[in-house]
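**Student:** Provided below: upload39.cif, containing mmCIF, C-alpha atoms and all ligand atoms.
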data_query
loop_
_atom_site.label_atom_id
_atom_site.label_comp_id
_atom_site.auth_asym_id
_atom_site.auth_seq_id
_atom_site.Cartn_x
_atom_site.Cartn_y
_atom_site.Cartn_z
CA LEU A 1 98.96 -11.31 39.39
CA ALA A 2 102.40 -9.94 40.04
CA LEU A 3 102.88 -6.79 42.06
CA MET A 4 104.69 -4.25 39.96
CA THR A 5 107.28 -2.83 42.27
CA ASP A 6 109.18 -0.91 39.64
CA TRP A 7 108.04 2.73 39.73
CA HIS A 8 108.63 3.19 36.03
CA ASP A 9 106.60 0.18 34.90
CA TRP A 10 103.25 1.42 36.17
CA GLN A 11 104.04 5.02 35.27
CA ASP A 12 104.29 3.89 31.65
CA THR A 13 100.83 2.34 31.59
CA ARG A 14 98.18 4.01 29.45
CA VAL A 15 94.52 3.34 28.77
CA ASP A 16 93.25 2.12 25.39
CA GLY A 17 91.63 5.33 24.16
CA GLU A 18 89.94 3.66 21.22
CA ARG A 19 88.31 0.99 23.40
CA LEU A 20 87.01 3.74 25.71
CA TRP A 21 85.73 5.83 22.79
CA ASN A 22 83.91 2.83 21.29
CA ARG A 23 82.12 2.26 24.59
CA ILE A 24 81.07 5.93 24.77
CA VAL A 25 79.63 5.59 21.26
CA ALA A 26 77.89 2.28 22.06
CA LEU A 27 76.28 3.58 25.27
CA GLY A 28 75.29 6.76 23.41
CA GLU A 29 73.26 4.69 20.95
CA ILE A 30 70.79 3.91 23.74
CA GLY A 31 68.33 6.80 23.87
CA ALA A 32 70.15 8.52 21.00
CA ILE A 33 68.62 11.76 19.70
CA ALA A 34 69.81 13.53 16.56
CA GLY A 35 70.17 17.27 16.07
CA PRO A 36 69.53 19.29 12.90
CA ASN A 37 73.23 19.35 11.97
CA GLY A 38 73.89 15.67 12.58
CA GLU A 39 74.80 16.09 16.26
CA LEU A 40 74.20 12.96 18.34
CA GLY A 41 72.76 13.55 21.76
CA CYS A 42 71.23 11.34 24.37
CA ALA A 43 67.96 11.10 26.33
CA ARG A 44 68.14 8.54 29.12
CA LEU A 45 66.15 9.96 32.00
CA ALA A 46 66.58 8.21 35.33
CA LEU A 47 64.77 4.89 35.78
CA THR A 48 63.12 4.91 32.34
CA ASP A 49 63.33 1.95 29.94
CA ALA A 50 66.25 3.67 28.22
CA ASP A 51 68.06 3.99 31.56
CA ARG A 52 67.49 0.27 32.19
CA GLU A 53 68.96 -0.55 28.78
CA GLY A 54 71.99 1.64 29.48
CA ARG A 55 72.43 0.08 32.94
CA ASP A 56 72.19 -3.43 31.47
CA LEU A 57 74.88 -2.63 28.91
CA VAL A 58 77.31 -1.17 31.46
CA THR A 59 76.75 -3.84 34.13
CA GLY A 60 77.25 -6.44 31.37
CA TRP A 61 80.66 -4.91 30.61
CA MET A 62 81.45 -4.93 34.34
CA ARG A 63 80.61 -8.63 34.62
CA ASP A 64 82.57 -9.43 31.43
CA LEU A 65 85.62 -8.11 33.27
CA GLY A 66 84.96 -10.48 36.16
CA LEU A 67 84.20 -7.66 38.58
CA THR A 68 82.04 -8.05 41.68
CA VAL A 69 78.89 -6.05 40.89
CA THR A 70 76.67 -4.84 43.72
CA ILE A 71 73.36 -3.02 43.31
CA ASP A 72 72.07 -1.17 46.35
CA ALA A 73 68.57 -0.24 47.49
CA ILE A 74 68.52 3.08 45.58
CA GLY A 75 69.91 1.45 42.40
CA ASN A 76 73.52 2.62 42.68
CA VAL A 77 75.81 0.11 40.96
CA VAL A 78 79.37 -0.52 42.21
CA ALA A 79 81.78 -2.87 40.40
CA THR A 80 84.93 -3.83 42.25
CA ARG A 81 88.27 -5.37 41.27
CA PRO A 82 89.88 -6.89 44.36
CA GLY A 83 93.18 -5.75 45.81
CA THR A 84 95.89 -7.83 47.42
CA ASP A 85 94.98 -6.65 50.94
CA PRO A 86 91.59 -8.09 51.90
CA ARG A 87 91.12 -5.56 54.71
CA ALA A 88 91.86 -2.43 52.67
CA ALA A 89 89.06 -0.01 51.73
CA ALA A 90 88.53 0.46 47.98
CA VAL A 91 89.59 3.43 45.92
CA MET A 92 86.48 4.48 44.02
CA THR A 93 85.81 6.29 40.77
CA GLY A 94 82.56 6.76 38.88
CA SER A 95 79.81 9.17 37.91
CA HIS A 96 76.32 8.71 36.42
CA ILE A 97 74.76 7.39 33.22
CA ASP A 98 71.38 9.10 33.40
CA THR A 99 70.99 12.21 31.23
CA VAL A 100 68.67 15.19 30.87
CA ALA A 101 66.04 15.11 28.10
CA THR A 102 68.34 16.99 25.71
CA GLY A 103 71.60 15.56 26.99
CA GLY A 104 74.89 14.59 25.39
CA ARG A 105 76.90 11.37 25.28
CA PHE A 106 79.69 12.51 27.61
CA ASP A 107 78.12 14.06 30.72
CA GLY A 108 78.47 11.39 33.41
CA ASN A 109 78.99 8.55 30.94
CA LEU A 110 82.63 9.55 30.42
CA GLY A 111 83.47 9.14 34.11
CA VAL A 112 81.83 5.72 34.39
CA LEU A 113 83.29 4.31 31.17
CA ALA A 114 86.75 5.76 31.88
CA GLY A 115 86.65 4.03 35.28
CA LEU A 116 85.79 0.78 33.51
CA GLU A 117 88.63 1.40 31.04
CA VAL A 118 91.08 1.94 33.92
CA ILE A 119 90.09 -1.42 35.39
CA GLU A 120 90.29 -3.18 32.02
CA THR A 121 93.79 -1.70 31.58
CA LEU A 122 94.84 -3.13 34.96
CA GLU A 123 93.40 -6.51 33.97
CA THR A 124 95.05 -6.53 30.55
CA LEU A 125 98.45 -5.56 31.94
CA ASP A 126 98.15 -7.82 35.00
CA ILE A 127 98.74 -4.95 37.40
CA ALA A 128 97.87 -5.67 41.02
CA THR A 129 96.98 -3.02 43.57
CA ARG A 130 96.95 -3.33 47.34
CA ARG A 131 93.54 -1.65 47.61
CA PRO A 132 90.50 -2.75 45.59
CA VAL A 133 89.50 -0.41 42.76
CA SER A 134 85.77 0.27 42.27
CA VAL A 135 83.81 2.00 39.55
CA ALA A 136 80.29 3.20 40.38
CA PHE A 137 77.34 4.78 38.67
CA PHE A 138 74.91 6.61 40.90
CA THR A 139 71.14 6.79 40.38
CA ASP A 140 69.41 9.97 39.19
CA GLU A 141 72.34 12.39 39.23
CA GLU A 142 70.59 14.81 36.89
CA GLY A 143 67.40 15.16 38.91
CA ALA A 144 65.63 15.71 35.58
CA ARG A 145 62.88 13.21 36.37
CA PHE A 146 63.10 12.93 40.17
CA ALA A 147 64.27 15.99 42.17
CA PRO A 148 66.65 16.69 43.82
CA ASP A 149 69.68 16.00 41.66
CA MET A 150 72.64 13.87 42.83
CA LEU A 151 70.04 11.74 44.60
CA GLY A 152 71.72 8.32 44.46
CA SER A 153 75.03 9.60 45.80
CA LEU A 154 73.22 11.71 48.43
CA VAL A 155 71.54 8.58 49.82
CA TYR A 156 74.80 6.62 49.41
CA VAL A 157 76.56 8.92 51.90
CA GLY A 158 73.60 9.05 54.30
CA GLY A 159 72.48 12.58 53.35
CA MET A 160 68.85 11.51 52.83
CA ALA A 161 66.92 8.60 54.32
CA LEU A 162 66.35 5.73 51.88
CA GLU A 163 62.59 5.60 52.55
CA GLU A 164 62.25 9.30 51.82
CA ALA A 165 64.14 8.94 48.52
CA LEU A 166 62.12 5.90 47.42
CA ASP A 167 58.93 7.87 47.95
CA ILE A 168 59.87 10.79 45.65
CA ALA A 169 57.30 11.43 42.92
CA ALA A 170 58.37 12.19 39.36
CA THR A 171 58.23 15.85 38.30
CA ASP A 172 56.40 15.24 35.01
CA ASP A 173 54.70 11.85 35.27
CA ASP A 174 52.85 9.74 37.85
CA ALA A 175 55.77 7.50 38.74
CA ARG A 176 57.19 6.96 42.23
CA LEU A 177 60.94 6.44 42.39
CA GLY A 178 60.82 3.21 44.41
CA ASP A 179 58.29 1.65 42.03
CA GLU A 180 60.36 2.58 38.99
CA LEU A 181 63.46 1.01 40.54
CA VAL A 182 61.58 -2.26 40.99
CA ARG A 183 60.05 -2.04 37.51
CA ILE A 184 63.41 -1.75 35.76
CA GLY A 185 65.01 -4.39 38.01
CA TYR A 186 67.46 -2.14 39.86
CA ALA A 187 66.10 -2.19 43.42
CA GLY A 188 69.16 -4.04 44.65
CA PRO A 189 69.75 -6.07 47.82
CA PHE A 190 72.75 -4.10 49.11
CA PRO A 191 72.27 -1.52 51.88
CA CYS A 192 72.23 2.20 51.15
CA PRO A 193 73.85 4.18 52.71
CA ALA A 194 76.89 2.02 52.06
CA ALA A 195 78.29 -0.02 54.94
CA ALA A 196 81.79 1.43 54.54
CA ALA A 197 83.19 4.60 52.99
CA PRO A 198 85.75 4.32 50.17
CA HIS A 199 89.40 5.11 50.89
CA ALA A 200 89.16 7.94 48.33
CA TYR A 201 86.95 9.01 45.40
CA VAL A 202 88.16 10.59 42.14
CA GLU A 203 85.67 11.45 39.37
CA LEU A 204 86.46 12.29 35.75
CA HIS A 205 83.86 14.55 34.14
CA ILE A 206 83.55 16.93 31.21
CA GLU A 207 83.89 20.57 32.25
CA GLN A 208 80.45 21.56 30.88
CA GLY A 209 81.78 25.11 30.55
CA PRO A 210 84.12 27.09 28.24
CA ILE A 211 87.17 27.80 30.40
CA LEU A 212 89.53 24.93 29.47
CA GLU A 213 88.86 25.26 25.73
CA ASP A 214 89.17 29.04 25.91
CA GLU A 215 92.59 28.80 27.56
CA GLY A 216 93.79 25.80 25.55
CA VAL A 217 94.22 23.67 28.65
CA THR A 218 93.78 19.86 28.53
CA ILE A 219 93.14 18.94 32.18
CA GLY A 220 91.07 20.83 34.72
CA VAL A 221 92.08 20.20 38.33
CA VAL A 222 88.86 20.76 40.26
CA GLU A 223 89.31 22.33 43.68
CA GLY A 224 85.69 22.20 44.74
CA VAL A 225 82.10 22.87 43.83
CA GLN A 226 80.43 26.27 44.00
CA GLY A 227 77.77 26.92 46.59
CA ILE A 228 74.32 27.44 45.08
CA SER A 229 71.48 29.68 46.22
CA TRP A 230 68.24 29.63 44.22
CA THR A 231 65.47 32.07 45.10
CA GLU A 232 62.08 32.57 43.51
CA LEU A 233 60.61 36.06 43.85
CA ALA A 234 56.89 36.57 43.24
CA ILE A 235 56.17 40.27 42.72
CA THR A 236 52.62 41.61 42.83
CA GLY A 237 51.70 45.15 41.77
CA ARG A 238 48.75 46.65 39.94
CA SER A 239 47.83 46.07 36.32
CA ALA A 240 47.10 49.36 34.57
CA HIS A 241 46.78 51.06 31.18
CA ALA A 242 50.19 51.80 29.63
CA GLY A 243 49.03 55.10 28.14
CA THR A 244 46.80 56.66 30.76
CA THR A 245 48.62 55.79 34.01
CA PRO A 246 51.15 58.46 35.09
CA MET A 247 54.58 57.09 35.99
CA ARG A 248 54.33 58.28 39.62
CA LEU A 249 51.14 56.23 40.15
CA ARG A 250 52.45 52.95 38.81
CA ARG A 251 53.07 49.80 40.84
CA ASP A 252 54.97 47.90 38.17
CA PRO A 253 56.24 44.34 38.88
CA GLY A 254 57.87 44.22 35.43
CA PHE A 255 60.04 47.18 36.31
CA VAL A 256 61.00 45.61 39.64
CA ALA A 257 61.90 42.31 37.91
CA ALA A 258 64.15 44.20 35.51
CA ALA A 259 65.69 46.27 38.31
CA ILE A 260 66.55 43.10 40.26
CA THR A 261 68.11 41.59 37.12
CA THR A 262 70.28 44.67 36.68
CA PHE A 263 71.10 44.80 40.38
CA VAL A 264 72.49 41.23 40.57
CA ARG A 265 74.69 41.86 37.52
CA GLY A 266 76.12 44.89 39.34
CA LEU A 267 76.52 42.82 42.49
CA THR A 268 78.83 40.37 40.67
CA LYS A 269 81.12 43.27 39.74
CA GLN A 270 81.04 44.65 43.27
CA LEU A 271 81.85 41.26 44.84
CA ALA A 272 84.28 40.51 42.02
CA GLY A 273 86.14 37.20 42.02
CA ALA A 274 84.02 34.10 41.78
CA GLN A 275 80.52 35.54 42.27
CA VAL A 276 78.07 34.74 39.47
CA ALA A 277 74.39 35.67 39.30
CA THR A 278 71.64 34.76 36.85
CA VAL A 279 68.00 35.69 36.46
CA GLY A 280 67.03 32.69 34.33
CA ARG A 281 63.25 32.90 34.44
CA ILE A 282 61.02 35.96 34.14
CA ASP A 283 57.30 35.30 33.96
CA VAL A 284 55.31 38.50 33.51
CA ARG A 285 51.49 38.58 33.55
CA PRO A 286 49.47 39.38 31.58
CA ASN A 287 52.47 39.86 29.23
CA LEU A 288 50.81 42.35 26.91
CA VAL A 289 52.34 45.27 25.03
CA ASN A 290 50.07 48.00 26.40
CA VAL A 291 49.48 46.80 29.97
CA VAL A 292 51.52 47.53 33.09
CA PRO A 293 51.99 43.97 34.44
CA ALA A 294 50.01 42.73 37.43
CA THR A 295 52.61 40.20 38.54
CA ALA A 296 56.13 39.07 37.75
CA THR A 297 57.78 35.88 38.98
CA ILE A 298 61.53 35.60 38.61
CA THR A 299 64.30 33.28 39.77
CA VAL A 300 67.71 34.40 41.00
CA ASP A 301 70.60 31.90 40.86
CA LEU A 302 73.59 33.01 42.98
CA ARG A 303 76.79 30.93 43.11
CA ASN A 304 80.13 31.33 44.79
CA THR A 305 82.99 29.13 45.92
CA ASP A 306 83.13 31.12 49.17
CA GLU A 307 80.24 30.65 51.59
CA ALA A 308 80.75 33.99 53.39
CA THR A 309 80.61 35.93 50.11
CA LEU A 310 77.57 33.96 48.98
CA VAL A 311 75.81 35.00 52.20
CA VAL A 312 76.80 38.64 51.54
CA ALA A 313 75.26 38.35 48.06
CA GLU A 314 72.04 36.83 49.45
CA ARG A 315 71.70 39.62 52.03
CA ALA A 316 72.39 42.32 49.45
CA LEU A 317 69.69 40.83 47.24
CA ASP A 318 67.20 40.75 50.14
CA ALA A 319 67.91 44.39 51.00
CA GLU A 320 67.56 45.56 47.41
CA VAL A 321 64.30 43.63 46.94
CA ALA A 322 62.89 45.26 50.10
CA ARG A 323 64.00 48.70 48.90
CA LEU A 324 62.46 48.24 45.44
CA ALA A 325 59.22 46.86 46.92
CA GLU A 326 58.80 49.97 49.02
CA ALA A 327 59.81 52.42 46.30
CA GLU A 328 57.44 50.89 43.73
CA SER A 329 54.66 49.94 46.19
CA VAL A 330 54.65 46.29 45.17
CA SER A 331 54.63 43.22 47.42
CA VAL A 332 57.30 40.55 47.04
CA THR A 333 57.27 37.02 48.44
CA SER A 334 60.55 35.16 48.43
CA ARG A 335 60.95 31.36 48.37
CA SER A 336 64.19 29.37 48.52
CA LEU A 337 64.30 26.68 45.80
CA ALA A 338 67.73 25.27 46.61
CA ARG A 339 70.65 26.01 48.89
CA PHE A 340 73.94 24.09 48.89
CA GLU A 341 77.08 25.31 50.62
CA PRO A 342 80.32 25.26 48.62
CA VAL A 343 82.29 22.02 48.77
CA GLU A 344 86.06 22.03 49.02
CA PHE A 345 87.78 18.89 47.76
CA ASP A 346 90.65 17.27 49.66
CA PRO A 347 93.77 19.42 49.00
CA VAL A 348 96.11 16.39 49.06
CA THR A 349 94.07 14.45 46.49
CA VAL A 350 93.63 17.60 44.36
CA ALA A 351 97.41 18.12 44.38
CA LEU A 352 97.90 14.46 43.43
CA VAL A 353 95.64 14.89 40.37
CA GLU A 354 97.54 18.03 39.38
CA ALA A 355 101.00 16.49 39.75
CA THR A 356 99.91 13.35 37.92
CA ALA A 357 98.52 15.30 34.96
CA GLN A 358 101.65 17.43 34.73
CA ARG A 359 103.93 14.38 34.88
CA LEU A 360 101.94 12.96 31.94
CA GLY A 361 102.79 16.16 30.05
CA TYR A 362 99.31 17.71 30.01
CA SER A 363 98.63 21.39 30.57
CA THR A 364 96.59 21.95 33.74
CA ARG A 365 94.52 24.64 35.36
CA ARG A 366 92.86 24.70 38.75
CA LEU A 367 89.19 25.67 38.71
CA PRO A 368 85.99 25.25 40.69
CA SER A 369 83.09 23.28 39.31
CA GLY A 370 80.15 25.46 38.36
CA ALA A 371 77.83 22.43 38.25
CA GLY A 372 76.90 19.88 40.90
CA HIS A 373 78.44 16.38 40.78
CA ASP A 374 78.26 13.08 42.65
CA ALA A 375 81.80 13.85 43.87
CA GLN A 376 80.49 16.60 46.15
CA MET A 377 78.39 13.99 47.97
CA LEU A 378 81.27 11.50 48.26
CA ALA A 379 83.38 14.37 49.64
CA ARG A 380 81.27 14.12 52.82
CA VAL A 381 82.68 10.65 53.60
CA CYS A 382 86.16 10.36 52.03
CA PRO A 383 89.00 12.37 50.44
CA THR A 384 87.69 13.41 47.03
CA ALA A 385 88.87 15.15 43.86
CA MET A 386 87.73 15.63 40.27
CA ILE A 387 89.38 15.76 36.84
CA PHE A 388 87.81 17.89 34.08
CA THR A 389 88.28 17.54 30.33
CA PRO A 390 87.36 20.33 27.88
CA SER A 391 83.87 20.72 26.44
CA VAL A 392 83.79 21.92 22.82
CA ASP A 393 82.20 25.41 22.75
CA GLY A 394 81.56 24.96 26.48
CA LEU A 395 78.33 23.14 25.67
CA SER A 396 76.63 20.58 27.91
CA HIS A 397 73.05 19.48 28.59
CA ASN A 398 72.87 19.98 24.85
CA ILE A 399 72.90 17.43 22.01
CA ALA A 400 75.91 19.24 20.54
CA GLU A 401 77.92 18.37 23.69
CA HIS A 402 81.32 17.08 22.56
CA THR A 403 84.78 16.27 23.85
CA THR A 404 87.52 15.19 21.44
CA PRO A 405 88.88 11.61 21.51
CA GLU A 406 92.32 13.03 22.41
CA ASP A 407 90.94 14.85 25.46
CA VAL A 408 88.89 11.81 26.50
CA THR A 409 92.06 9.68 26.40
CA ALA A 410 94.05 12.32 28.29
CA GLY A 411 91.45 12.51 31.07
CA ALA A 412 91.31 8.71 31.36
CA ASN A 413 95.10 8.48 31.59
CA VAL A 414 95.16 11.01 34.42
CA LEU A 415 92.43 8.99 36.13
CA LEU A 416 94.41 5.74 35.63
CA GLN A 417 97.64 7.12 37.05
CA THR A 418 95.88 8.87 39.96
CA LEU A 419 93.95 5.74 40.94
CA LEU A 420 97.10 3.61 40.72
CA GLN A 421 98.81 5.83 43.27
CA LEU A 422 95.79 5.95 45.60
CA ALA A 423 95.39 2.16 45.39
CA ASP A 424 99.08 1.50 46.21
CA VAL A 425 100.28 -0.10 43.03
CA ALA A 426 103.79 -0.77 44.37
CA ASP A 427 103.88 -2.75 47.58
ZN ZN B 1 77.15 14.98 35.08
#
Rewrite the structure of this file - the entire thing - as structure tokens.

**Tutor:**
Amino acid sequence: LALMTDWHDWQDTRVDGERLWNRIVALGEIGAIAGPNGELGCARLALTDADREGRDLVTGWMRDLGLTVTIDAIGNVVATRPGTDPRAAAVMTGSHIDTVATGGRFDGNLGVLAGLEVIETLETLDIATRRPVSVAFFTDEEGARFAPDMLGSLVYVGGMALEEALDIAATDDDARLGDELVRIGYAGPFPCPAAAAPHAYVELHIEQGPILEDEGVTIGVVEGVQGISWTELAITGRSAHAGTTPMRLRRDPGFVAAAITTFVRGLTKQLAGAQVATVGRIDVRPNLVNVVPATATITVDLRNTDEATLVVAERALDAEVARLAEAESVSVTSRSLARFEPVEFDPVTVALVEATAQRLGYSTRRLPSGAGHDAQMLARVCPTAMIFTPSVDGLSHNIAEHTTPEDVTAGANVLLQTLLQLADVAD
């Protein structure tokens, strides 16, 4: 391999978009599910037989490229192309290949297969880098079968003990995570957490939202991941006849559930900026037309890129719930279902992604990620950034999830050029 010392040579390199697209299609055939209008989605829940088949296909491609493939104790797979400096830490890219039950072919898969395409491009063009370049796929990112989500990358960075993770029981079946790893042959010999952190981590992912498409922008430069606060509120009042009970004597959990829903919408306007709020589940009992409900259980999902504002939103919600409980004479018990602080990606690496995309001639926009990603875990141990490509109609976790071949190629080219700079292409 010859080191390419001419700046312009490596800047002219591009991925093979068709080769990448064909791999996305081939991986999508495993666990494929069809929609009513011919959409092609994907169901490969973590550590199922379909996941094993998908893993086998991707690790086969990794080995075909002559990469060193390591499988760790939680089933994370890392494939590495060596650099010219044996002591240098690797530049890593990657994502996940597990999906939700009604998933698409792009979520996660794009980032892994684009990483593979970057490495194949380097191989084909005989481009050497000082640092090794690795592509990883992390176990159980979706958390659809084993909660919490982003599990493999969480353990990879030492955020959860391996033994604890291996002992997690499946949400909907009798399986234990550690047993399933052994069953599908992906309980690997390498230590997890990893022995050494990467030099940097850059992940390509579909946006999974409507912003890039809405604004006609090709590349999203992700500045960080929103903080998430999930609360379940169980409201207990008194079931009563809808016709005979005067309004002043009611203790109506249904009314309180609706009032909270309205309140959090108002809160987003009051806090402006990046605050979003969702009441996604309302379970009213007995759920009858002529009965004042006895109970209502609701969930409130609050997200913000700013931790201080997220705390303000949580406190405002608590105060309003207490006020409503007293006014309506109901009791409310509150339970936290999830709480993650916002993650800010490395400003230098974020700026590198932005400059690289612009030099390639793509329109860019900075934005936060509304969803969780493996990158937010890697951000705990190394400089990290993400690249987003548009999602048609903003759809994801949906069989109609789609990203155009042009946008897939654009995202992979930004990934290629970013990784080349991080890995020191020119000595
Ligand atoms: Zn994903």

**Student:** In Å, with one decimal, what is the gap from CA of Asp172 in chain A to CA of Thr48 in chain A?

**Tutor:**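 Result for CA of Asp172 in chain A versus CA of Thr48 in chain A: 12.6 Å, one decimal.
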
**Student:** Taking 3 positions as the minimum chain separation for residues in the same chain, which residues sit within 8 Å of Leu181 in chain A when counting all atoms listed in the file? Answer as a PyMOL selection string.

**Tutor:** chain A and resi 47+74-75+177-178+184-187

**Student:** Please, which residues have at least one atom within 8 Å of an atom of ligand ZN 1 (chain B), using all atoms listed in the file, listed as a PyMOL selection string?

**Tutor:** chain A and resi 95-96+99+107-109+141-142+205-206+372-374

**Student:** Using all atoms listed in the file, give me every residue within 10 Å of (88.0, 18.4, 34.1) in file coordinates, as a list in words.

**Tutor:**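 Residues lying no farther than 10 Å from the given point: Glu203, Leu204, His205, Ile206, Glu207, Gln208, Gly209, Leu212, Val217, Thr218, Ile219, Gly220, Val221, Val222, Thr364, Arg365, Arg366, Leu367, Pro368, Ser369, Met386, Ile387, Phe388, Thr389, Pro390, Ser391, Asp407 and Gly411 of chain A.
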
**Student:** A:Gly361, A:Leu422, A:Asp306, A:Val157: which is nearest Ala195 in chain A, counting only C-alpha atoms?

**Tutor:**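 Closest residue, counting only C-alpha atoms: A:Val157.
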
**Student:** From the list A:Val78, A:Met62, A:Ala294, A:Ala274, which residue is nearest Leu116 in chain A when using all atoms listed in the file?

**Tutor:**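 Checking each of A:Val78, A:Met62, A:Ala294, A:Ala274 against Leu116 in chain A, counting all atoms listed in the file, the winner is A:Met62.
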